[in-house]
>>> print(open('my_file.cif').read())   # mmCIF, C-alpha atoms and all ligand atoms
data_run
#
loop_
_atom_site.label_atom_id
_atom_site.label_comp_id
_atom_site.auth_asym_id
_atom_site.auth_seq_id
_atom_site.Cartn_x
_atom_site.Cartn_y
_atom_site.Cartn_z
CA MET A 1 21.13 5.90 23.59
CA LYS A 2 17.67 6.42 25.00
CA LEU A 3 14.91 4.15 23.72
CA SER A 4 11.26 4.89 24.32
CA LYS A 5 9.30 2.92 26.91
CA LYS A 6 6.61 2.46 24.28
CA ALA A 7 9.00 0.77 21.86
CA LEU A 8 10.68 -1.32 24.54
CA SER A 9 7.34 -2.70 25.69
CA ILE A 10 6.74 -4.35 22.29
CA PRO A 11 8.00 -7.94 22.06
CA ALA A 12 9.48 -9.25 18.82
CA SER A 13 7.15 -11.25 16.58
CA VAL A 14 7.62 -14.93 17.52
CA THR A 15 6.64 -16.10 14.03
CA LEU A 16 9.14 -13.92 12.25
CA GLU A 17 11.86 -14.86 14.75
CA ILE A 18 11.27 -18.61 14.36
CA THR A 19 10.98 -18.35 10.58
CA ALA A 20 14.35 -16.57 10.56
CA LYS A 21 15.87 -19.26 12.84
CA VAL A 22 14.69 -21.99 10.46
CA LYS A 23 16.21 -20.17 7.49
CA GLN A 24 19.48 -19.81 9.38
CA LEU A 25 19.61 -23.49 10.44
CA LYS A 26 18.92 -24.48 6.85
CA SER A 27 21.68 -22.21 5.57
CA GLU A 28 24.02 -24.00 8.01
CA GLY A 29 23.14 -27.26 6.29
CA LYS A 30 20.83 -28.60 9.06
CA SER A 31 17.75 -30.49 8.00
CA ILE A 32 14.75 -28.63 9.39
CA ILE A 33 11.20 -29.03 8.22
CA GLY A 34 9.42 -25.77 8.91
CA PHE A 35 5.70 -25.51 9.61
CA THR A 36 6.00 -21.93 10.74
CA ALA A 37 5.32 -19.74 7.75
CA GLY A 38 2.19 -17.65 7.60
CA GLU A 39 2.24 -17.52 3.84
CA PRO A 40 1.36 -19.71 0.87
CA ASP A 41 4.33 -21.64 -0.49
CA PHE A 42 3.25 -21.10 -4.11
CA ASN A 43 4.96 -18.53 -6.30
CA THR A 44 2.90 -15.48 -7.08
CA PRO A 45 1.00 -16.53 -10.25
CA ASP A 46 2.64 -15.49 -13.54
CA TYR A 47 -0.24 -13.32 -14.71
CA ILE A 48 0.34 -11.09 -11.67
CA ILE A 49 4.11 -10.98 -12.15
CA ASP A 50 3.61 -10.02 -15.82
CA SER A 51 1.35 -7.21 -14.73
CA ALA A 52 4.01 -5.86 -12.36
CA LYS A 53 6.52 -5.94 -15.24
CA GLU A 54 4.05 -3.97 -17.31
CA ALA A 55 3.74 -1.40 -14.50
CA LEU A 56 7.50 -0.92 -14.61
CA ASP A 57 7.60 -0.77 -18.41
CA ILE A 58 4.97 1.95 -18.57
CA GLY A 59 6.63 3.91 -15.76
CA PHE A 60 3.91 3.38 -13.17
CA THR A 61 6.50 4.07 -10.52
CA LYS A 62 5.42 7.31 -8.89
CA TYR A 63 3.22 8.21 -5.93
CA THR A 64 -0.40 7.23 -6.21
CA PRO A 65 -3.17 8.86 -4.17
CA VAL A 66 -2.54 8.07 -0.47
CA ALA A 67 -5.60 5.82 -0.15
CA GLY A 68 -4.83 3.87 -3.33
CA MET A 69 -5.02 4.09 -7.11
CA PRO A 70 -8.59 4.61 -8.34
CA GLU A 71 -8.60 1.45 -10.53
CA LEU A 72 -7.69 -0.72 -7.55
CA LYS A 73 -10.35 0.87 -5.36
CA GLU A 74 -12.90 0.13 -8.10
CA VAL A 75 -11.85 -3.53 -8.21
CA ILE A 76 -12.03 -3.74 -4.41
CA CYS A 77 -15.54 -2.22 -4.43
CA LYS A 78 -16.53 -4.84 -7.01
CA LYS A 79 -15.08 -7.60 -4.84
CA PHE A 80 -17.10 -6.44 -1.83
CA LYS A 81 -20.25 -6.26 -3.94
CA ASP A 82 -19.79 -9.65 -5.63
CA ASP A 83 -18.44 -11.64 -2.67
CA ASN A 84 -20.07 -10.00 0.33
CA ASN A 85 -23.05 -8.12 -1.03
CA LEU A 86 -21.58 -4.96 0.51
CA ILE A 87 -21.84 -1.74 -1.48
CA TYR A 88 -19.07 0.75 -0.81
CA ASP A 89 -18.14 3.97 -2.51
CA PRO A 90 -14.44 4.14 -3.52
CA SER A 91 -14.00 6.91 -0.93
CA GLN A 92 -14.64 4.25 1.73
CA ILE A 93 -11.73 2.08 0.61
CA ILE A 94 -8.17 2.60 1.85
CA VAL A 95 -5.35 0.59 0.30
CA SER A 96 -2.34 0.13 2.60
CA ASP A 97 1.07 -1.55 2.81
CA GLY A 98 -0.44 -4.93 3.68
CA ALA A 99 -3.38 -5.80 5.90
CA LYS A 100 -1.14 -5.35 8.94
CA ALA A 101 -0.89 -1.65 8.11
CA SER A 102 -4.64 -1.49 7.42
CA LEU A 103 -5.27 -2.93 10.88
CA PHE A 104 -2.87 -0.55 12.52
CA HIS A 105 -4.44 2.48 10.91
CA ALA A 106 -7.92 1.24 11.80
CA ILE A 107 -6.99 0.75 15.47
CA TYR A 108 -5.19 4.09 15.54
CA ALA A 109 -8.28 5.82 14.18
CA LEU A 110 -10.56 4.40 16.89
CA VAL A 111 -8.51 4.06 20.06
CA ASP A 112 -7.57 6.76 22.57
CA ASP A 113 -5.25 6.18 25.53
CA GLY A 114 -6.90 3.76 27.96
CA ASP A 115 -9.70 2.73 25.58
CA GLU A 116 -10.50 -0.95 25.72
CA VAL A 117 -10.42 -3.27 22.72
CA ILE A 118 -11.96 -6.71 23.09
CA ILE A 119 -9.96 -9.53 21.50
CA PRO A 120 -11.21 -13.14 21.64
CA ALA A 121 -8.34 -15.62 22.21
CA PRO A 122 -6.67 -17.53 20.64
CA PHE A 123 -5.82 -14.65 18.31
CA TRP A 124 -3.12 -13.49 15.94
CA PHE A 125 -0.69 -11.84 18.34
CA THR A 126 -0.18 -8.67 16.28
CA TYR A 127 -3.64 -7.48 17.41
CA GLU A 128 -2.60 -7.16 21.03
CA GLU A 129 0.63 -5.33 20.23
CA GLN A 130 -1.02 -2.90 17.82
CA VAL A 131 -3.67 -2.04 20.40
CA LYS A 132 -0.91 -1.38 22.95
CA ILE A 133 1.12 0.73 20.50
CA CYS A 134 -2.01 2.85 20.00
CA GLY A 135 -2.33 3.37 23.77
CA GLY A 136 -5.31 1.05 24.10
CA LYS A 137 -5.93 -1.72 26.60
CA PRO A 138 -6.42 -5.20 25.11
CA ILE A 139 -9.24 -7.04 26.89
CA ILE A 140 -8.64 -10.67 26.13
CA ILE A 141 -11.50 -13.12 26.31
CA GLN A 142 -10.48 -16.76 26.56
CA THR A 143 -12.95 -18.58 24.29
CA LYS A 144 -14.00 -22.14 25.02
CA GLU A 145 -13.49 -25.46 23.32
CA GLU A 146 -17.22 -26.26 23.51
CA ASN A 147 -17.92 -23.08 21.49
CA GLY A 148 -15.34 -23.99 18.84
CA TYR A 149 -13.01 -21.35 20.30
CA LYS A 150 -15.36 -18.60 19.14
CA LEU A 151 -16.67 -15.63 21.06
CA THR A 152 -20.22 -15.97 22.37
CA PRO A 153 -22.68 -13.08 22.89
CA SER A 154 -22.67 -13.54 26.68
CA GLU A 155 -18.86 -13.54 26.85
CA LEU A 156 -18.90 -10.34 24.82
CA GLU A 157 -21.61 -8.76 26.95
CA ASN A 158 -19.67 -9.52 30.15
CA ALA A 159 -16.47 -7.96 28.82
CA ILE A 160 -17.99 -4.63 27.79
CA THR A 161 -17.32 -1.60 30.00
CA ASP A 162 -17.80 2.11 29.48
CA ARG A 163 -14.22 2.21 28.08
CA THR A 164 -14.89 -0.39 25.36
CA VAL A 165 -14.61 1.04 21.85
CA THR A 166 -14.21 -1.86 19.48
CA ILE A 167 -14.03 -5.62 19.08
CA LEU A 168 -11.45 -7.35 16.93
CA LEU A 169 -12.90 -10.32 15.10
CA ASN A 170 -11.00 -12.65 12.78
CA SER A 171 -12.86 -15.11 10.58
CA PRO A 172 -11.45 -17.42 9.26
CA SER A 173 -9.15 -17.38 12.25
CA ASN A 174 -5.41 -17.48 12.52
CA PRO A 175 -4.50 -19.67 14.45
CA THR A 176 -7.57 -21.90 14.93
CA GLY A 177 -9.09 -21.92 11.43
CA ALA A 178 -12.50 -21.32 13.05
CA ILE A 179 -15.10 -19.45 11.03
CA TYR A 180 -18.10 -17.60 12.40
CA SER A 181 -21.44 -18.55 10.85
CA LYS A 182 -24.05 -16.00 9.79
CA GLU A 183 -26.14 -16.83 12.87
CA GLU A 184 -23.20 -16.48 15.25
CA LEU A 185 -22.34 -13.09 13.78
CA GLU A 186 -25.95 -11.95 13.98
CA ALA A 187 -26.04 -12.86 17.66
CA LEU A 188 -22.77 -10.99 18.36
CA ALA A 189 -23.97 -8.01 16.33
CA LYS A 190 -27.00 -7.61 18.62
CA VAL A 191 -24.66 -7.05 21.57
CA VAL A 192 -22.41 -4.72 19.55
CA GLU A 193 -25.39 -2.64 18.46
CA LYS A 194 -26.95 -2.55 21.94
CA HIS A 195 -23.75 -0.95 23.28
CA ASN A 196 -23.22 1.28 20.27
CA LEU A 197 -19.77 -0.22 19.54
CA THR A 198 -17.72 -0.84 16.41
CA VAL A 199 -16.04 -3.97 15.05
CA ILE A 200 -12.76 -4.39 13.23
CA SER A 201 -13.30 -7.53 11.16
CA ASP A 202 -10.15 -9.15 9.78
CA GLU A 203 -11.22 -11.28 6.81
CA ILE A 204 -7.82 -11.82 5.19
CA TYR A 205 -8.37 -15.62 4.91
CA GLU A 206 -11.82 -15.21 3.37
CA LYS A 207 -11.03 -17.21 0.23
CA LEU A 208 -9.44 -20.12 2.08
CA ILE A 209 -12.46 -21.95 3.38
CA TYR A 210 -13.24 -25.68 3.36
CA ASP A 211 -15.95 -28.34 3.74
CA GLY A 212 -18.51 -26.28 1.82
CA ASN A 213 -18.54 -23.51 4.46
CA LYS A 214 -19.37 -19.97 3.37
CA HIS A 215 -17.64 -16.80 4.45
CA TYR A 216 -19.91 -14.18 5.96
CA SER A 217 -18.88 -10.70 7.09
CA ILE A 218 -20.34 -9.13 10.23
CA ALA A 219 -20.69 -5.95 8.13
CA GLN A 220 -23.43 -7.80 6.21
CA VAL A 221 -25.61 -8.33 9.26
CA SER A 222 -27.43 -4.97 9.34
CA ASP A 223 -27.22 -1.32 8.33
CA TYR A 224 -25.87 -0.59 11.80
CA MET A 225 -23.07 -3.11 11.37
CA LYS A 226 -22.17 -1.83 7.90
CA GLU A 227 -21.92 1.67 9.37
CA ASN A 228 -19.87 0.48 12.33
CA THR A 229 -17.51 -2.14 10.95
CA ILE A 230 -14.07 -1.70 9.46
CA VAL A 231 -13.49 -4.70 7.20
CA ILE A 232 -9.84 -5.65 6.71
CA ASN A 233 -8.68 -7.74 3.77
CA GLY A 234 -5.80 -7.96 1.30
CA VAL A 235 -4.12 -9.83 -1.50
CA SER A 236 -1.33 -11.49 0.54
CA LYS A 237 -2.90 -14.85 1.35
CA THR A 238 -5.43 -15.12 -1.48
CA TYR A 239 -3.04 -14.51 -4.37
CA SER A 240 0.20 -15.62 -2.72
CA MET A 241 1.43 -12.01 -2.69
CA THR A 242 2.73 -11.68 0.87
CA GLY A 243 5.86 -9.80 -0.16
CA TRP A 244 4.05 -7.31 -2.35
CA ARG A 245 2.47 -5.55 0.63
CA VAL A 246 -1.04 -4.70 -0.42
CA GLY A 247 -3.89 -4.76 2.07
CA TYR A 248 -7.10 -2.80 2.15
CA LEU A 249 -9.97 -1.83 4.35
CA ALA A 250 -13.54 -0.67 3.88
CA ALA A 251 -14.96 1.69 6.45
CA PRO A 252 -17.74 4.20 7.00
CA LYS A 253 -16.89 7.44 5.17
CA ALA A 254 -16.01 9.45 8.28
CA ILE A 255 -13.59 6.79 9.52
CA ALA A 256 -12.11 6.20 6.05
CA SER A 257 -11.28 9.86 5.65
CA ILE A 258 -9.54 9.96 9.05
CA ILE A 259 -7.59 6.79 8.25
CA SER A 260 -6.53 8.29 4.93
CA ARG A 261 -5.30 11.36 6.78
CA VAL A 262 -3.31 9.20 9.24
CA GLN A 263 -1.85 7.08 6.44
CA GLY A 264 -0.83 10.26 4.63
CA HIS A 265 1.64 10.84 7.46
CA THR A 266 2.78 7.26 8.07
CA THR A 267 3.31 5.07 5.02
CA SER A 268 1.53 7.16 2.36
CA ASN A 269 0.48 5.03 -0.64
CA ALA A 270 1.19 1.30 -0.95
CA CYS A 271 3.82 0.45 -3.58
CA SER A 272 2.54 1.64 -6.98
CA ILE A 273 3.79 -1.47 -8.83
CA SER A 274 2.15 -3.80 -6.32
CA GLN A 275 -1.11 -1.86 -6.56
CA TYR A 276 -1.05 -2.08 -10.35
CA ALA A 277 -0.46 -5.84 -10.17
CA SER A 278 -3.20 -6.19 -7.53
CA VAL A 279 -5.76 -4.77 -9.97
CA THR A 280 -4.84 -7.61 -12.33
CA ALA A 281 -4.71 -10.17 -9.52
CA MET A 282 -8.19 -9.34 -8.27
CA SER A 283 -9.76 -8.94 -11.71
CA LYS A 284 -8.73 -12.29 -13.15
CA GLY A 285 -7.57 -14.73 -10.50
CA ALA A 286 -10.64 -16.81 -9.60
CA GLU A 287 -9.49 -20.11 -11.12
CA ILE A 288 -5.96 -19.93 -9.75
CA VAL A 289 -7.22 -18.98 -6.30
CA GLU A 290 -9.54 -21.96 -6.36
CA SER A 291 -6.76 -24.33 -7.40
CA MET A 292 -4.55 -23.07 -4.52
CA ARG A 293 -7.48 -23.50 -2.13
CA GLN A 294 -7.97 -27.08 -3.28
CA GLU A 295 -4.30 -27.79 -2.77
CA PHE A 296 -4.46 -26.41 0.79
CA ASP A 297 -7.53 -28.53 1.42
CA LYS A 298 -5.67 -31.69 0.34
CA ARG A 299 -2.82 -30.86 2.69
CA ARG A 300 -5.27 -30.02 5.50
CA LYS A 301 -6.81 -33.47 5.15
CA LEU A 302 -3.39 -35.11 5.03
CA MET A 303 -2.24 -33.31 8.17
CA SER A 304 -5.49 -34.16 9.99
CA LYS A 305 -4.99 -37.83 9.14
CA LEU A 306 -1.39 -37.82 10.34
CA CYS A 307 -2.47 -36.17 13.61
CA ASP A 308 -5.22 -38.78 14.00
CA ASP A 309 -2.71 -41.58 13.38
CA LEU A 310 -0.53 -40.21 16.18
CA GLY A 311 -3.50 -39.70 18.51
CA LEU A 312 -2.90 -35.93 18.52
CA THR A 313 -5.98 -33.80 19.03
CA TYR A 314 -6.43 -30.50 17.19
CA ILE A 315 -8.99 -27.87 16.34
CA ASN A 316 -10.46 -28.99 13.04
CA PRO A 317 -9.68 -26.01 10.79
CA GLN A 318 -12.54 -24.75 8.64
CA GLY A 319 -10.48 -22.01 7.01
CA ALA A 320 -7.02 -20.40 6.62
CA PHE A 321 -4.03 -22.81 6.50
CA TYR A 322 -3.14 -23.62 10.09
CA MET A 323 -3.60 -26.66 12.30
CA PHE A 324 -3.75 -25.82 16.01
CA ILE A 325 -2.60 -28.99 17.78
CA ASN A 326 -3.20 -29.70 21.46
CA ILE A 327 -0.03 -30.58 23.39
CA LYS A 328 -1.57 -30.53 26.87
CA GLU A 329 -0.76 -34.24 27.40
CA PHE A 330 2.98 -33.52 27.08
CA ILE A 331 3.18 -30.60 29.50
CA GLY A 332 5.04 -31.53 32.67
CA LYS A 333 6.74 -34.48 30.97
CA SER A 334 10.40 -34.65 29.86
CA VAL A 335 12.45 -35.25 26.75
CA ASP A 336 16.23 -35.02 26.21
CA GLY A 337 16.52 -34.49 29.97
CA LYS A 338 14.46 -31.28 29.73
CA VAL A 339 11.03 -30.66 31.23
CA ILE A 340 8.34 -29.42 28.85
CA ASN A 341 6.77 -26.57 30.81
CA GLY A 342 4.65 -25.26 27.97
CA SER A 343 4.45 -24.60 24.24
CA LEU A 344 7.70 -22.60 24.10
CA ASP A 345 9.69 -25.55 25.50
CA PHE A 346 7.84 -28.01 23.27
CA ALA A 347 8.57 -25.96 20.14
CA SER A 348 12.15 -25.25 21.10
CA ILE A 349 13.07 -28.90 21.81
CA LEU A 350 11.19 -30.06 18.71
CA THR A 351 13.37 -27.73 16.60
CA ASP A 352 16.40 -29.70 17.83
CA HIS A 353 14.65 -32.77 16.38
CA GLY A 354 14.37 -31.15 12.96
CA VAL A 355 10.85 -29.69 13.02
CA ALA A 356 9.94 -26.03 13.50
CA VAL A 357 6.47 -25.05 14.72
CA ILE A 358 4.99 -21.94 16.32
CA PRO A 359 4.26 -22.21 20.07
CA GLY A 360 0.72 -21.36 21.14
CA LEU A 361 1.73 -19.03 23.98
CA PRO A 362 1.77 -15.77 22.02
CA PHE A 363 -1.72 -16.65 20.70
CA HIS A 364 -2.79 -16.95 24.37
CA ALA A 365 -3.06 -20.71 24.05
CA ASP A 366 -0.06 -22.29 25.77
CA GLU A 367 -1.46 -25.81 25.44
CA PHE A 368 -1.23 -25.66 21.65
CA ILE A 369 1.28 -25.45 18.83
CA ARG A 370 0.49 -24.06 15.39
CA LEU A 371 1.52 -25.88 12.23
CA SER A 372 1.03 -24.26 8.85
CA TYR A 373 -0.11 -26.58 6.08
CA ALA A 374 1.02 -24.10 3.46
CA VAL A 375 3.94 -26.49 2.92
CA SER A 376 4.47 -29.36 0.47
CA GLU A 377 2.91 -32.80 1.05
CA ALA A 378 6.42 -34.28 1.18
CA ASP A 379 7.32 -31.92 4.04
CA ILE A 380 4.09 -32.73 5.86
CA VAL A 381 4.79 -36.47 5.66
CA GLY A 382 8.49 -36.08 6.49
CA GLY A 383 7.76 -33.65 9.31
CA PHE A 384 5.22 -35.95 10.91
CA GLU A 385 7.68 -38.85 10.82
CA ARG A 386 10.02 -36.71 12.90
CA ILE A 387 7.18 -35.57 15.18
CA ALA A 388 6.21 -39.23 15.74
CA LYS A 389 9.79 -40.08 16.77
CA PHE A 390 9.96 -37.00 19.01
CA ILE A 391 6.70 -37.81 20.76
CA SER A 392 7.84 -41.39 21.38
CA LEU A 393 10.78 -39.99 23.37
CA ILE A 394 8.63 -37.90 25.71
CA LYS A 395 8.30 -39.57 29.10
C1 LIG B 1 -5.09 -12.84 10.70
C2 LIG B 1 -4.12 -12.05 9.89
N1 LIG B 1 -4.43 -10.80 9.55
C3 LIG B 1 -3.60 -10.04 8.83
C4 LIG B 1 -2.37 -10.53 8.40
C5 LIG B 1 -1.44 -9.60 7.66
O1 LIG B 1 -1.47 -9.73 6.31
P1 LIG B 1 -0.55 -8.83 5.38
O2 LIG B 1 0.54 -9.69 4.86
O3 LIG B 1 -1.44 -8.36 4.26
O4 LIG B 1 -0.03 -7.69 6.19
C6 LIG B 1 -2.01 -11.84 8.74
C7 LIG B 1 -0.69 -12.37 8.34
O5 LIG B 1 -0.18 -13.35 8.85
C8 LIG B 1 -2.91 -12.62 9.50
O6 LIG B 1 -2.62 -13.89 9.84
#
>>> encode(input="my_file.cif", output="structure tokens", more="lines below")
Ligand SMILES: Cc1ncc(COP(=O)(O)O)c(C=O)c1O
Amino acid sequence: MKLSKKALSIPASVTLEITAKVKQLKSEGKSIIGFTAGEPDFNTPDYIIDSAKEALDIGFTKYTPVAGMPELKEVICKKFKDDNNLIYDPSQIIVSDGAKASLFHAIYALVDDGDEVIIPAPFWFTYEEQVKICGGKPIIIQTKEENGYKLTPSELENAITDRTVTILLNSPSNPTGAIYSKEELEALAKVVEKHNLTVISDEIYEKLIYDGNKHYSIAQVSDYMKENTIVINGVSKTYSMTGWRVGYLAAPKAIASIISRVQGHTTSNACSISQYASVTAMSKGAEIVESMRQEFDKRRKLMSKLCDDLGLTYINPQGAFYMFINIKEFIGKSVDGKVINGSLDFASILTDHGVAVIPGLPFHADEFIRLSYAVSEADIVGGFERIAKFISLIK
């Protein structure tokens, strides 16, 4: 059977692979504490589940308009107005099968073969693969510790060529938890505007923000940025609805209509039942979202303390639910008779000691591992006991 070169060039998602391995080890009766999942561990709140049941009961089970049911687009417009002071017309909103699909359609709409897309690293690895699938060339900028692992205007300026079309920003960031301030975004926007570029701004973790920080969208910076930014968001992380597959984007009208056309021939509308339930989720959920955020914050503080106790350094996360821990000091050392050459080895050997984490390599940060704190406090404490033992064996 012939397989396409395009398809063969795409590596499997490391997160999904490791999450599956953990599930399998658990099903074999092995005790594994997993810090790998990129999703909240809470059930989807009951009021959302009830709404989905209602959708089924009333027969809301047919195609909706490709770009989303009108009621959901209205709620999304309201969210942008209330949360981000961004006024969009419903025709500028496209609802997709999860934010991953929104991103893909956005990149597909902008990128021709050989076009360059700037991606600051560390970054969520799907960006790079989607750019490649769309024929684009990912231009990866290694951000620096002293800048909080955020892109600076001069780094951006230096990476721009006459093939650059867009910049992929993610705030709050997966994996670092970094968030860009208003001032930082304003400074980046000046460079974007000077070169007449666009931005794809992934804001899926917008509601998970700590220490009194505020989320700000680069689309808010100026009229130019509003007209040249595709904002990506969704219900997965905010409402613990990862399996429901509802993401959305807001874009300038011309881009939105092209994306809608593309989506009409790829996935068509997102699941009608999930869309119906998303209207309810987004209309009513503020208190529940806040209580989940507070719970994540407690776990974030617990994990930070446990890292401090072990002398592990990490990027202090300001948002999302990941702790990016530095393992540089262990690289080149050995454990169980095996040399730790990088994050893949570290993560793989640690799994044998009952703890699953995501290696930093696919995020373009091989000196790090990513631990999700969207897990119970008991698992965090138990997992760190195992990590402490594991580290003590490294020589
Ligand atoms: C930064 C980022 N963007 C987008 C997504 C995709 O979200 P969805 O489940 O809505 O496709 C994820 C999921 O892990 C993510 O981490």
>>> closest_residue(input="my_file.cif", among="A:Lys182, A:Lys298, A:Lys284, A:Lys23", to="Asn213 of chain A", atoms="all atoms listed in the file")
A:Lys182
>>> residues_around(input="my_file.cif", residues="Arg245 of chain A", least_positions_apart="4", cutoff="10 Å", atoms="all atoms listed in the file", output="JSON list (two decimals) with C-alpha atoms, in the frame of the given file")
[["chain", "number", "residue", "atom", "x", "y", "z"],
["A", 95, "VAL", "CA", -5.35, 0.59, 0.30],
["A", 96, "SER", "CA", -2.34, 0.13, 2.60],
["A", 97, "ASP", "CA", 1.07, -1.55, 2.81],
["A", 98, "GLY", "CA", -0.44, -4.93, 3.68],
["A", 99, "ALA", "CA", -3.38, -5.80, 5.90],
["A", 100, "LYS", "CA", -1.14, -5.35, 8.94],
["A", 101, "ALA", "CA", -0.89, -1.65, 8.11],
["A", 234, "GLY", "CA", -5.80, -7.96, 1.30],
["A", 235, "VAL", "CA", -4.12, -9.83, -1.50],
["A", 236, "SER", "CA", -1.33, -11.49, 0.54],
["A", 241, "MET", "CA", 1.43, -12.01, -2.69],
["A", 270, "ALA", "CA", 1.19, 1.30, -0.95],
["A", 271, "CYS", "CA", 3.82, 0.45, -3.58],
["A", 274, "SER", "CA", 2.15, -3.80, -6.32],
["A", 275, "GLN", "CA", -1.11, -1.86, -6.56],
["A", 278, "SER", "CA", -3.20, -6.19, -7.53]]
>>> residues_around(input="my_file.cif", residues="Thr36 of chain A", least_positions_apart="6", cutoff="6 Å", atoms="only C-alpha atoms", output="MDAnalysis selection string")
chainID A and resid 357:358 372
>>> residues_near_ligand(input="my_file.cif", ligand="ligand LIG 1 (chain B)", cutoff="10 Å", atoms="all atoms listed in the file", output="ChimeraX atom specification")
/A:15-16,37-39,96-104,123-127,169-175,177,201-205,232-238,240-248,320-322
>>> residues_around(input="my_file.cif", residues="Leu344 of chain A", least_positions_apart="3", cutoff="12 Å", atoms="only C-alpha atoms", output="ChimeraX atom specification")
/A:14,18,327,331,339-341,347-351,356-370
>>> residues_around(input="my_file.cif", residues="Leu56 of chain A", least_positions_apart="3", cutoff="12 Å", atoms="all atoms listed in the file", output="ChimeraX atom specification")
/A:49-53,59-62,271-277
>>> residues_around(input="my_file.cif", residues="segment 256-259 of chain A", least_positions_apart="4", cutoff="6 Å", atoms="all atoms listed in the file", output="number ranges by chain")
A: 92, 105, 251
>>> atom_distance(input="my_file.cif", atom1="atom CA of Gln130 of chain A", atom2="atom CA of Asp115 of chain A")
12.9 Å
>>> atom_distance(input="my_file.cif", atom1="atom CA of Ile179 of chain A", atom2="atom CA of Lys150 of chain A")
8.2 Å
>>> atom_distance(input="my_file.cif", atom1="atom CA of Asn147 of chain A", atom2="atom CA of Glu116 of chain A")
23.7 Å
>>> closest_residue(input="my_file.cif", among="A:Lys2, A:Lys30, A:Lys207, A:Arg386", to="Phe296 of chain A", atoms="only C-alpha atoms")
A:Lys207
